[in-house]
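Down below is the structure, laid out as structure tokens.
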Amino acid sequence: QKEVEQDPGPLSVPEGAIVSLNCTYSNSAFQYFMWYRQYSRKGPELLMYTYSSGNKEDGRFTAQVDKSSKYISLFIRDSQPSDSATYLCAMPTGGKLIFGQGTELSVKP
Amino acid sequence: GAGVSQSPSNKVTEKGKDVELRCDPISGHTALYWYRQSLGQGLEFLIYFQGNSAPDKSGLPSDRFSAERTGGSVSTLTIQRTQQEDSAVYLCASSGTGLNTEAFFGQGTRLTVV
């Protein structure tokens, strides 16, 4: 079993839809939870990070952590075509980042 | 530029040849990572350098893979006797210290072994 699991998609939604992206993890020692966004043929860029359980909001993006279920989510409201990218969850451990497989999102105009 | 720089951006090599991939991290960043991303896959951790500490090589898939970081700055990932399954995008990232410190990625080297 991988330490971090993520549905690779692809996920296709119409513009304006609410998108939910999810990851599960197995290591209860994880404390920080990150979401990276990767556009085609580019390196990943940090989108948001959270610590501990609860919600964190940044504009149209909300990151949610449920440590009791070892489950994290990223919600995108009013999705735009420019949100089309691969979204990767990541968790630091032992100094390095462990990534999920990434979910490919396509937002259709 | 101020970002992480990787070279070459693309590399096509024949099976059995050795290749070297280069990474110039952001100045002052103590941590440097190498990841591999195969088509449709997530980022597979390869190796991690932190300051003067011994590198974490736990992700290297075989002894054909090695990496070094000279002077705490530039890093080279070497793949010997390349195989077709080595074809992937090799990504380098650097960061400061701390658990929640953002890792900045380069654009990657797309390696194709023919």
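How things are named: the first chain in the structure tokens is A, the next is B, and so on; residues count from 1 in each chain; ligands count from 1 in the order shown.
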
Within 12 Å of chain B, which residues of chain A are there when counting only C-alpha atoms? Please give them as a PDB file with N, CA and C atoms, in the first residue's frame.
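And here's iface.pdb as it stands now:
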```pdb
ATOM      1  N   LYS A   2       0.572   2.189  -0.910  1.00  0.00           N
ATOM      2  CA  LYS A   2       1.326   3.428  -0.938  1.00  0.00           C
ATOM      3  C   LYS A   2       0.972   4.272   0.273  1.00  0.00           C
ATOM      4  N   GLU A   3       1.923   5.090   0.698  1.00  0.00           N
ATOM      5  CA  GLU A   3       1.669   5.953   1.850  1.00  0.00           C
ATOM      6  C   GLU A   3       0.609   6.995   1.556  1.00  0.00           C
ATOM      7  N   VAL A   4       0.553   7.444   0.305  1.00  0.00           N
ATOM      8  CA  VAL A   4      -0.422   8.461  -0.087  1.00  0.00           C
ATOM      9  C   VAL A   4      -1.133   7.973  -1.353  1.00  0.00           C
ATOM     10  N   GLU A   5      -2.445   7.944  -1.315  1.00  0.00           N
ATOM     11  CA  GLU A   5      -3.234   7.470  -2.444  1.00  0.00           C
ATOM     12  C   GLU A   5      -4.094   8.608  -2.985  1.00  0.00           C
ATOM     13  N   GLN A   6      -4.138   8.687  -4.308  1.00  0.00           N
ATOM     14  CA  GLN A   6      -4.932   9.748  -4.933  1.00  0.00           C
ATOM     15  C   GLN A   6      -5.512   9.198  -6.228  1.00  0.00           C
ATOM     16  N   ASP A   7      -6.764   9.453  -6.464  1.00  0.00           N
ATOM     17  CA  ASP A   7      -7.422   9.007  -7.698  1.00  0.00           C
ATOM     18  C   ASP A   7      -6.845   9.804  -8.868  1.00  0.00           C
ATOM     19  N   PRO A   8      -6.255   9.120  -9.847  1.00  0.00           N
ATOM     20  CA  PRO A   8      -5.595   9.855 -10.927  1.00  0.00           C
ATOM     21  C   PRO A   8      -6.536  10.507 -11.929  1.00  0.00           C
ATOM     22  N   GLY A   9      -7.854  10.186 -11.838  1.00  0.00           N
ATOM     23  CA  GLY A   9      -8.778  10.765 -12.816  1.00  0.00           C
ATOM     24  C   GLY A   9      -8.601  10.096 -14.172  1.00  0.00           C
ATOM     25  N   PRO A  10      -8.771  10.802 -15.311  1.00  0.00           N
ATOM     26  CA  PRO A  10      -8.953  12.257 -15.364  1.00  0.00           C
ATOM     27  C   PRO A  10     -10.360  12.683 -14.956  1.00  0.00           C
ATOM     28  N   PHE A  30       1.962  12.071   9.809  1.00  0.00           N
ATOM     29  CA  PHE A  30       1.957  13.235   8.926  1.00  0.00           C
ATOM     30  C   PHE A  30       1.275  14.408   9.634  1.00  0.00           C
ATOM     31  N   GLN A  31       1.935  15.581   9.554  1.00  0.00           N
ATOM     32  CA  GLN A  31       1.393  16.756  10.236  1.00  0.00           C
ATOM     33  C   GLN A  31       1.011  17.870   9.259  1.00  0.00           C
ATOM     34  N   TYR A  32       1.757  17.965   8.161  1.00  0.00           N
ATOM     35  CA  TYR A  32       1.518  19.008   7.189  1.00  0.00           C
ATOM     36  C   TYR A  32       0.984  18.386   5.901  1.00  0.00           C
ATOM     37  N   PHE A  33       0.108  19.114   5.276  1.00  0.00           N
ATOM     38  CA  PHE A  33      -0.536  18.585   4.079  1.00  0.00           C
ATOM     39  C   PHE A  33      -0.518  19.672   3.009  1.00  0.00           C
ATOM     40  N   MET A  34      -0.003  19.314   1.869  1.00  0.00           N
ATOM     41  CA  MET A  34       0.202  20.299   0.807  1.00  0.00           C
ATOM     42  C   MET A  34      -0.534  19.892  -0.460  1.00  0.00           C
ATOM     43  N   TRP A  35      -0.911  20.894  -1.215  1.00  0.00           N
ATOM     44  CA  TRP A  35      -1.446  20.675  -2.565  1.00  0.00           C
ATOM     45  C   TRP A  35      -0.570  21.432  -3.554  1.00  0.00           C
ATOM     46  N   TYR A  36      -0.099  20.695  -4.555  1.00  0.00           N
ATOM     47  CA  TYR A  36       0.668  21.282  -5.635  1.00  0.00           C
ATOM     48  C   TYR A  36      -0.166  21.223  -6.912  1.00  0.00           C
ATOM     49  N   ARG A  37       0.068  22.202  -7.774  1.00  0.00           N
ATOM     50  CA  ARG A  37      -0.594  22.237  -9.072  1.00  0.00           C
ATOM     51  C   ARG A  37       0.493  22.158 -10.131  1.00  0.00           C
ATOM     52  N   GLN A  38       0.248  21.328 -11.136  1.00  0.00           N
ATOM     53  CA  GLN A  38       1.229  21.147 -12.194  1.00  0.00           C
ATOM     54  C   GLN A  38       0.565  21.322 -13.543  1.00  0.00           C
ATOM     55  N   TYR A  39       0.962  22.369 -14.250  1.00  0.00           N
ATOM     56  CA  TYR A  39       0.494  22.561 -15.614  1.00  0.00           C
ATOM     57  C   TYR A  39       1.326  21.684 -16.541  1.00  0.00           C
ATOM     58  N   SER A  40       0.778  21.425 -17.729  1.00  0.00           N
ATOM     59  CA  SER A  40       1.419  20.528 -18.673  1.00  0.00           C
ATOM     60  C   SER A  40       2.839  20.997 -18.995  1.00  0.00           C
ATOM     61  N   ARG A  41       3.774  20.074 -18.904  1.00  0.00           N
ATOM     62  CA  ARG A  41       5.184  20.311 -19.237  1.00  0.00           C
ATOM     63  C   ARG A  41       5.842  21.365 -18.341  1.00  0.00           C
ATOM     64  N   LYS A  42       5.301  21.520 -17.141  1.00  0.00           N
ATOM     65  CA  LYS A  42       5.898  22.417 -16.149  1.00  0.00           C
ATOM     66  C   LYS A  42       6.176  21.633 -14.869  1.00  0.00           C
ATOM     67  N   GLY A  43       6.999  22.214 -13.984  1.00  0.00           N
ATOM     68  CA  GLY A  43       7.175  21.607 -12.680  1.00  0.00           C
ATOM     69  C   GLY A  43       6.012  21.958 -11.769  1.00  0.00           C
ATOM     70  N   PRO A  44       5.756  21.157 -10.735  1.00  0.00           N
ATOM     71  CA  PRO A  44       4.680  21.474  -9.790  1.00  0.00           C
ATOM     72  C   PRO A  44       4.958  22.766  -9.023  1.00  0.00           C
ATOM     73  N   GLU A  45       3.874  23.456  -8.646  1.00  0.00           N
ATOM     74  CA  GLU A  45       3.973  24.668  -7.833  1.00  0.00           C
ATOM     75  C   GLU A  45       3.062  24.506  -6.624  1.00  0.00           C
ATOM     76  N   LEU A  46       3.542  24.989  -5.483  1.00  0.00           N
ATOM     77  CA  LEU A  46       2.727  24.886  -4.268  1.00  0.00           C
ATOM     78  C   LEU A  46       1.493  25.774  -4.383  1.00  0.00           C
ATOM     79  N   LEU A  47       0.346  25.162  -4.106  1.00  0.00           N
ATOM     80  CA  LEU A  47      -0.927  25.893  -4.164  1.00  0.00           C
ATOM     81  C   LEU A  47      -1.364  26.288  -2.755  1.00  0.00           C
ATOM     82  N   MET A  48      -1.377  25.310  -1.858  1.00  0.00           N
ATOM     83  CA  MET A  48      -1.797  25.566  -0.482  1.00  0.00           C
ATOM     84  C   MET A  48      -1.150  24.549   0.435  1.00  0.00           C
ATOM     85  N   TYR A  49      -1.016  24.915   1.703  1.00  0.00           N
ATOM     86  CA  TYR A  49      -0.667  23.901   2.687  1.00  0.00           C
ATOM     87  C   TYR A  49      -1.451  24.137   3.970  1.00  0.00           C
ATOM     88  N   THR A  50      -1.705  23.064   4.676  1.00  0.00           N
ATOM     89  CA  THR A  50      -2.437  23.143   5.932  1.00  0.00           C
ATOM     90  C   THR A  50      -1.717  22.327   6.992  1.00  0.00           C
ATOM     91  N   TYR A  51      -2.003  22.664   8.209  1.00  0.00           N
ATOM     92  CA  TYR A  51      -1.445  21.942   9.356  1.00  0.00           C
ATOM     93  C   TYR A  51      -2.601  21.532  10.244  1.00  0.00           C
ATOM     94  N   SER A  52      -2.623  20.277  10.603  1.00  0.00           N
ATOM     95  CA  SER A  52      -3.635  19.734  11.491  1.00  0.00           C
ATOM     96  C   SER A  52      -4.996  19.677  10.800  1.00  0.00           C
ATOM     97  N   THR A  86      -2.843  19.230 -13.397  1.00  0.00           N
ATOM     98  CA  THR A  86      -2.796  18.066 -12.503  1.00  0.00           C
ATOM     99  C   THR A  86      -2.568  18.567 -11.080  1.00  0.00           C
ATOM    100  N   TYR A  87      -3.358  18.067 -10.157  1.00  0.00           N
ATOM    101  CA  TYR A  87      -3.273  18.471  -8.752  1.00  0.00           C
ATOM    102  C   TYR A  87      -2.709  17.315  -7.941  1.00  0.00           C
ATOM    103  N   LEU A  88      -1.653  17.604  -7.219  1.00  0.00           N
ATOM    104  CA  LEU A  88      -0.971  16.569  -6.439  1.00  0.00           C
ATOM    105  C   LEU A  88      -1.014  16.924  -4.959  1.00  0.00           C
ATOM    106  N   CYS A  89      -1.420  15.966  -4.152  1.00  0.00           N
ATOM    107  CA  CYS A  89      -1.284  16.171  -2.707  1.00  0.00           C
ATOM    108  C   CYS A  89       0.115  15.701  -2.314  1.00  0.00           C
ATOM    109  N   ALA A  90       0.624  16.277  -1.247  1.00  0.00           N
ATOM    110  CA  ALA A  90       1.971  15.933  -0.810  1.00  0.00           C
ATOM    111  C   ALA A  90       2.069  16.098   0.692  1.00  0.00           C
ATOM    112  N   MET A  91       2.877  15.242   1.303  1.00  0.00           N
ATOM    113  CA  MET A  91       3.068  15.288   2.751  1.00  0.00           C
ATOM    114  C   MET A  91       4.542  15.142   3.068  1.00  0.00           C
ATOM    115  N   PRO A  92       5.089  16.056   3.867  1.00  0.00           N
ATOM    116  CA  PRO A  92       6.504  15.947   4.199  1.00  0.00           C
ATOM    117  C   PRO A  92       6.734  14.906   5.296  1.00  0.00           C
ATOM    118  N   THR A  93       7.775  14.139   5.117  1.00  0.00           N
ATOM    119  CA  THR A  93       8.175  13.168   6.128  1.00  0.00           C
ATOM    120  C   THR A  93       9.663  12.916   5.992  1.00  0.00           C
ATOM    121  N   GLY A  94      10.354  12.936   7.119  1.00  0.00           N
ATOM    122  CA  GLY A  94      11.787  12.682   7.073  1.00  0.00           C
ATOM    123  C   GLY A  94      12.532  13.637   6.171  1.00  0.00           C
ATOM    124  N   GLY A  95      12.009  14.852   6.034  1.00  0.00           N
ATOM    125  CA  GLY A  95      12.679  15.858   5.218  1.00  0.00           C
ATOM    126  C   GLY A  95      12.259  15.859   3.766  1.00  0.00           C
ATOM    127  N   LYS A  96      11.679  14.771   3.282  1.00  0.00           N
ATOM    128  CA  LYS A  96      11.280  14.733   1.875  1.00  0.00           C
ATOM    129  C   LYS A  96       9.764  14.785   1.748  1.00  0.00           C
ATOM    130  N   LEU A  97       9.306  15.088   0.539  1.00  0.00           N
ATOM    131  CA  LEU A  97       7.878  15.146   0.261  1.00  0.00           C
ATOM    132  C   LEU A  97       7.424  13.839  -0.395  1.00  0.00           C
ATOM    133  N   ILE A  98       6.344  13.268   0.134  1.00  0.00           N
ATOM    134  CA  ILE A  98       5.722  12.106  -0.476  1.00  0.00           C
ATOM    135  C   ILE A  98       4.491  12.596  -1.224  1.00  0.00           C
ATOM    136  N   PHE A  99       4.420  12.285  -2.511  1.00  0.00           N
ATOM    137  CA  PHE A  99       3.332  12.773  -3.348  1.00  0.00           C
ATOM    138  C   PHE A  99       2.320  11.673  -3.653  1.00  0.00           C
ATOM    139  N   GLY A 100       1.076  12.094  -3.838  1.00  0.00           N
ATOM    140  CA  GLY A 100       0.075  11.230  -4.432  1.00  0.00           C
ATOM    141  C   GLY A 100       0.309  11.154  -5.930  1.00  0.00           C
ATOM    142  N   GLN A 101      -0.504  10.328  -6.593  1.00  0.00           N
ATOM    143  CA  GLN A 101      -0.309  10.108  -8.035  1.00  0.00           C
ATOM    144  C   GLN A 101      -0.712  11.324  -8.868  1.00  0.00           C
ATOM    145  N   GLY A 102      -1.497  12.238  -8.260  1.00  0.00           N
ATOM    146  CA  GLY A 102      -1.962  13.399  -9.010  1.00  0.00           C
ATOM    147  C   GLY A 102      -3.287  13.126  -9.690  1.00  0.00           C
ATOM    148  N   THR A 103      -4.166  14.122  -9.676  1.00  0.00           N
ATOM    149  CA  THR A 103      -5.451  14.038 -10.386  1.00  0.00           C
ATOM    150  C   THR A 103      -5.431  15.043 -11.516  1.00  0.00           C
ATOM    151  N   GLU A 104      -5.660  14.553 -12.732  1.00  0.00           N
ATOM    152  CA  GLU A 104      -5.695  15.439 -13.899  1.00  0.00           C
ATOM    153  C   GLU A 104      -7.087  16.039 -14.027  1.00  0.00           C
TER     154      GLU A 104
END
```

>> From a backbone DSSP assignment, name each residue in chain B labelled helix (DSSP H, G or I), as an MDAnalysis selection string.
In response: chainID B and resid 70:72 84:86

Just all heavy atoms for this one: save the residues we selected as a PDB file, in the first residue's frame.
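File produced: again.pdb:
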```
ATOM      1  N   THR B  70      27.629  19.066  -5.392  1.00  0.00           N
ATOM      2  CA  THR B  70      28.945  19.643  -5.156  1.00  0.00           C
ATOM      3  C   THR B  70      28.819  21.007  -4.480  1.00  0.00           C
ATOM      4  O   THR B  70      28.018  21.850  -4.914  1.00  0.00           O
ATOM      5  CB  THR B  70      29.714  19.787  -6.474  1.00  0.00           C
ATOM      6  OG1 THR B  70      28.904  20.525  -7.405  1.00  0.00           O
ATOM      7  CG2 THR B  70      30.021  18.428  -7.059  1.00  0.00           C
ATOM      8  N   GLY B  71      29.604  21.210  -3.420  1.00  0.00           N
ATOM      9  CA  GLY B  71      29.648  22.506  -2.747  1.00  0.00           C
ATOM     10  C   GLY B  71      28.313  22.946  -2.195  1.00  0.00           C
ATOM     11  O   GLY B  71      28.089  24.146  -2.001  1.00  0.00           O
ATOM     12  N   GLY B  72      27.429  21.992  -1.935  1.00  0.00           N
ATOM     13  CA  GLY B  72      26.120  22.335  -1.394  1.00  0.00           C
ATOM     14  C   GLY B  72      25.236  23.086  -2.360  1.00  0.00           C
ATOM     15  O   GLY B  72      24.246  23.703  -1.952  1.00  0.00           O
ATOM     16  N   GLN B  84      15.068   1.332 -21.311  1.00  0.00           N
ATOM     17  CA  GLN B  84      13.869   2.004 -21.805  1.00  0.00           C
ATOM     18  C   GLN B  84      12.939   2.399 -20.666  1.00  0.00           C
ATOM     19  O   GLN B  84      12.275   3.446 -20.741  1.00  0.00           O
ATOM     20  CB  GLN B  84      13.150   1.133 -22.825  1.00  0.00           C
ATOM     21  CG  GLN B  84      13.874   1.066 -24.169  1.00  0.00           C
ATOM     22  CD  GLN B  84      13.102   0.312 -25.232  1.00  0.00           C
ATOM     23  OE1 GLN B  84      12.375  -0.633 -24.932  1.00  0.00           O
ATOM     24  NE2 GLN B  84      13.280   0.706 -26.476  1.00  0.00           N
ATOM     25  N   GLU B  85      12.903   1.634 -19.605  1.00  0.00           N
ATOM     26  CA  GLU B  85      12.026   1.966 -18.481  1.00  0.00           C
ATOM     27  C   GLU B  85      12.506   3.189 -17.705  1.00  0.00           C
ATOM     28  O   GLU B  85      11.797   3.676 -16.817  1.00  0.00           O
ATOM     29  CB  GLU B  85      11.870   0.778 -17.527  1.00  0.00           C
ATOM     30  CG  GLU B  85      13.154   0.300 -16.883  1.00  0.00           C
ATOM     31  CD  GLU B  85      13.751  -0.902 -17.600  1.00  0.00           C
ATOM     32  OE1 GLU B  85      13.543  -1.022 -18.830  1.00  0.00           O
ATOM     33  OE2 GLU B  85      14.418  -1.699 -16.923  1.00  0.00           O
ATOM     34  N   ASP B  86      13.716   3.680 -18.039  1.00  0.00           N
ATOM     35  CA  ASP B  86      14.199   4.908 -17.392  1.00  0.00           C
ATOM     36  C   ASP B  86      13.580   6.146 -18.034  1.00  0.00           C
ATOM     37  O   ASP B  86      13.736   7.257 -17.521  1.00  0.00           O
ATOM     38  CB  ASP B  86      15.725   5.008 -17.496  1.00  0.00           C
ATOM     39  CG  ASP B  86      16.453   3.865 -16.818  1.00  0.00           C
ATOM     40  OD1 ASP B  86      15.883   3.275 -15.858  1.00  0.00           O
ATOM     41  OD2 ASP B  86      17.579   3.547 -17.242  1.00  0.00           O
TER      42      ASP B  86
END
```

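Between atom CA of Ala54 of chain B and atom CA of Cys23 of chain B there is a distance of 18.4 Å.
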
> Could you pull the residues within 9 Å of Leu77 of chain B, counting only C-alpha atoms, minus those fewer than 2 positions along the same chain, as a PyMOL selection string?
Replying inline: chain B and resi 19-23+34+65-69+75+79

Could you save the residues just selected, with N, CA and C atoms, as a short mmCIF file (atom, residue, chain, number, x, y, z; two decimals), in the first residue's frame?
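Everything below was put into part-v4.cif:
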```
data_model
loop_
_atom_site.label_atom_id
_atom_site.label_comp_id
_atom_site.auth_asym_id
_atom_site.auth_seq_id
_atom_site.Cartn_x
_atom_site.Cartn_y
_atom_site.Cartn_z
N VAL B 19 23.82 8.82 -18.94
CA VAL B 19 23.37 10.21 -19.05
C VAL B 19 23.59 10.95 -17.74
N GLU B 20 23.80 12.26 -17.86
CA GLU B 20 23.93 13.12 -16.69
C GLU B 20 22.92 14.23 -16.79
N LEU B 21 22.18 14.42 -15.72
CA LEU B 21 21.17 15.48 -15.66
C LEU B 21 21.61 16.48 -14.58
N ARG B 22 21.46 17.76 -14.89
CA ARG B 22 21.99 18.78 -14.00
C ARG B 22 20.88 19.59 -13.37
N CYS B 23 21.10 20.01 -12.13
CA CYS B 23 20.14 20.86 -11.42
C CYS B 23 20.88 21.99 -10.71
N TRP B 34 15.51 15.11 -5.92
CA TRP B 34 15.28 14.60 -7.27
C TRP B 34 14.05 13.68 -7.22
N PHE B 65 21.65 4.20 -10.78
CA PHE B 65 21.33 5.60 -10.48
C PHE B 65 22.23 6.11 -9.37
N SER B 66 22.78 7.30 -9.56
CA SER B 66 23.56 7.94 -8.52
C SER B 66 23.40 9.45 -8.65
N ALA B 67 23.68 10.14 -7.57
CA ALA B 67 23.59 11.60 -7.61
C ALA B 67 24.63 12.17 -6.67
N GLU B 68 25.08 13.35 -7.01
CA GLU B 68 25.98 14.07 -6.12
C GLU B 68 25.59 15.54 -6.12
N ARG B 69 26.02 16.20 -5.06
CA ARG B 69 25.77 17.63 -4.93
C ARG B 69 27.08 18.26 -4.51
N SER B 75 23.64 20.02 -8.42
CA SER B 75 23.53 18.58 -8.30
C SER B 75 23.49 17.94 -9.68
N ILE B 79 22.61 8.42 -14.64
CA ILE B 79 22.00 7.11 -14.89
C ILE B 79 22.95 6.36 -15.82
#
```

>> From the options A:Ser79, A:Ser106, A:Asn55, A:Ser69, which residue's atoms come nearest to Val19 of chain A, counting only C-alpha atoms?
In response: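 Of all the options, A:Ser79 lies closest to Val19 of chain A.
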
>> Neighbouring residues of Asp58 of chain A were defined as those with any atom within 10 Å, considering only C-alpha atoms; residues of the same chain fewer than 2 positions away were excluded. Please report them as a ChimeraX atom specification.
In response: /A:47-48,56,60-63,76

> Which residues, written as a PyMOL selection string, have at least one atom at most 6 Å from Val65 of chain A, with only C-alpha atoms counted and residues fewer than 6 positions away on the same chain left out?
Replying inline: chain A and resi 53-54+72

File dump, residues just selected, all heavy atoms, as a CSV table (one decimal), in the first residue's frame:
```csv
chain,number,residue,atom,x,y,z
A,53,SER,N,-6.0,19.3,11.5
A,53,SER,CA,-7.3,19.2,11.0
A,53,SER,C,-8.0,20.5,10.8
A,53,SER,O,-7.7,21.5,11.4
A,53,SER,CB,-8.2,18.3,11.9
A,53,SER,OG,-7.8,16.9,11.8
A,54,GLY,N,-9.0,20.5,9.9
A,54,GLY,CA,-9.8,21.7,9.7
A,54,GLY,C,-9.7,22.2,8.3
A,54,GLY,O,-9.2,21.5,7.4
A,72,ILE,N,-7.7,14.0,3.1
A,72,ILE,CA,-7.6,15.4,2.8
A,72,ILE,C,-8.3,15.7,1.5
A,72,ILE,O,-8.4,14.8,0.6
A,72,ILE,CB,-6.1,15.9,2.8
A,72,ILE,CG1,-5.4,15.4,1.6
A,72,ILE,CG2,-5.4,15.5,4.1
A,72,ILE,CD1,-4.0,16.0,1.4
```

> Can you list every residue in chain A that DSSP puts in strand (DSSP E), as a VMD selection string?
Replying inline: chain A and resid 4 to 6 11 to 14 19 to 25 32 to 38 45 to 51 54 to 58 61 to 66 71 to 76 85 to 93 96 to 99 103 to 108

>> What's the separation between atom CA of Leu21 of chain A and atom CA of Phe75 of chain A, in Å to one decimal place?
In response: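 Interatomic distance, atom CA of Leu21 of chain A to atom CA of Phe75 of chain A: 6.4 Å.
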
> Between B:Thr13, B:Ser58, B:Ser7, B:Thr30, which one has atoms that come closest to Thr76 of chain B, using only C-alpha atoms?
Replying inline: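 Of all the options, B:Ser7 lies closest to Thr76 of chain B.
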
>> Quick check, in Å to one decimal: how far apart do atom CA of Pro81 of chain A and atom CA of Ser9 of chain B lie?
In response: 26.9 Å

> Counting only C-alpha atoms, what is within 9 Å of Gly16 of chain A, bar same-chain residues fewer than 5 positions away, as a list in words?
Replying inline: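 Neighbouring residues, sequence-local ones excluded: Arg77, Asp78, Ser79, Gln80, Val107 and Pro109 of chain A.
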
Please write the residues from the selection above to a file, keeping all heavy atoms, as a PDB file, in the first residue's frame.
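What follows is the written file again-v1.pdb:
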```
ATOM      1  N   ARG A  77     -13.929  26.256  -6.076  1.00  0.00           N
ATOM      2  CA  ARG A  77     -15.246  26.833  -6.396  1.00  0.00           C
ATOM      3  C   ARG A  77     -15.157  27.600  -7.703  1.00  0.00           C
ATOM      4  O   ARG A  77     -14.086  28.113  -8.055  1.00  0.00           O
ATOM      5  CB  ARG A  77     -15.687  27.801  -5.288  1.00  0.00           C
ATOM      6  CG  ARG A  77     -16.045  27.137  -3.984  1.00  0.00           C
ATOM      7  CD  ARG A  77     -16.603  28.186  -2.996  1.00  0.00           C
ATOM      8  NE  ARG A  77     -15.662  29.273  -2.760  1.00  0.00           N
ATOM      9  CZ  ARG A  77     -14.639  29.194  -1.925  1.00  0.00           C
ATOM     10  NH1 ARG A  77     -14.413  28.081  -1.259  1.00  0.00           N
ATOM     11  NH2 ARG A  77     -13.828  30.235  -1.764  1.00  0.00           N
ATOM     12  N   ASP A  78     -16.298  27.691  -8.394  1.00  0.00           N
ATOM     13  CA  ASP A  78     -16.359  28.469  -9.637  1.00  0.00           C
ATOM     14  C   ASP A  78     -15.143  28.150 -10.522  1.00  0.00           C
ATOM     15  O   ASP A  78     -14.359  29.033 -10.888  1.00  0.00           O
ATOM     16  CB  ASP A  78     -16.392  29.964  -9.309  1.00  0.00           C
ATOM     17  CG  ASP A  78     -16.633  30.837 -10.537  1.00  0.00           C
ATOM     18  OD1 ASP A  78     -17.231  30.325 -11.516  1.00  0.00           O
ATOM     19  OD2 ASP A  78     -16.208  32.003 -10.522  1.00  0.00           O
ATOM     20  N   SER A  79     -14.989  26.885 -10.837  1.00  0.00           N
ATOM     21  CA  SER A  79     -13.801  26.457 -11.580  1.00  0.00           C
ATOM     22  C   SER A  79     -13.712  27.155 -12.947  1.00  0.00           C
ATOM     23  O   SER A  79     -14.721  27.469 -13.586  1.00  0.00           O
ATOM     24  CB  SER A  79     -13.813  24.934 -11.754  1.00  0.00           C
ATOM     25  OG  SER A  79     -15.011  24.506 -12.375  1.00  0.00           O
ATOM     26  N   GLN A  80     -12.492  27.415 -13.336  1.00  0.00           N
ATOM     27  CA  GLN A  80     -12.186  28.128 -14.580  1.00  0.00           C
ATOM     28  C   GLN A  80     -11.329  27.239 -15.489  1.00  0.00           C
ATOM     29  O   GLN A  80     -10.599  26.375 -15.006  1.00  0.00           O
ATOM     30  CB  GLN A  80     -11.415  29.410 -14.265  1.00  0.00           C
ATOM     31  CG  GLN A  80     -12.134  30.371 -13.330  1.00  0.00           C
ATOM     32  CD  GLN A  80     -13.409  30.906 -13.955  1.00  0.00           C
ATOM     33  OE1 GLN A  80     -13.389  31.407 -15.088  1.00  0.00           O
ATOM     34  NE2 GLN A  80     -14.517  30.790 -13.240  1.00  0.00           N
ATOM     35  N   VAL A 107     -11.200  21.628 -17.077  1.00  0.00           N
ATOM     36  CA  VAL A 107     -12.386  22.464 -16.920  1.00  0.00           C
ATOM     37  C   VAL A 107     -12.768  22.979 -18.308  1.00  0.00           C
ATOM     38  O   VAL A 107     -12.005  23.715 -18.940  1.00  0.00           O
ATOM     39  CB  VAL A 107     -12.124  23.650 -15.969  1.00  0.00           C
ATOM     40  CG1 VAL A 107     -13.402  24.481 -15.818  1.00  0.00           C
ATOM     41  CG2 VAL A 107     -11.649  23.154 -14.613  1.00  0.00           C
ATOM     42  N   PRO A 109     -14.830  25.106 -21.088  1.00  0.00           N
ATOM     43  CA  PRO A 109     -15.565  26.378 -21.168  1.00  0.00           C
ATOM     44  C   PRO A 109     -17.001  26.158 -21.629  1.00  0.00           C
ATOM     45  O   PRO A 109     -17.333  25.148 -22.252  1.00  0.00           O
ATOM     46  CB  PRO A 109     -14.784  27.199 -22.198  1.00  0.00           C
ATOM     47  CG  PRO A 109     -13.765  26.333 -22.775  1.00  0.00           C
ATOM     48  CD  PRO A 109     -13.720  25.034 -22.038  1.00  0.00           C
TER      49      PRO A 109
END
```
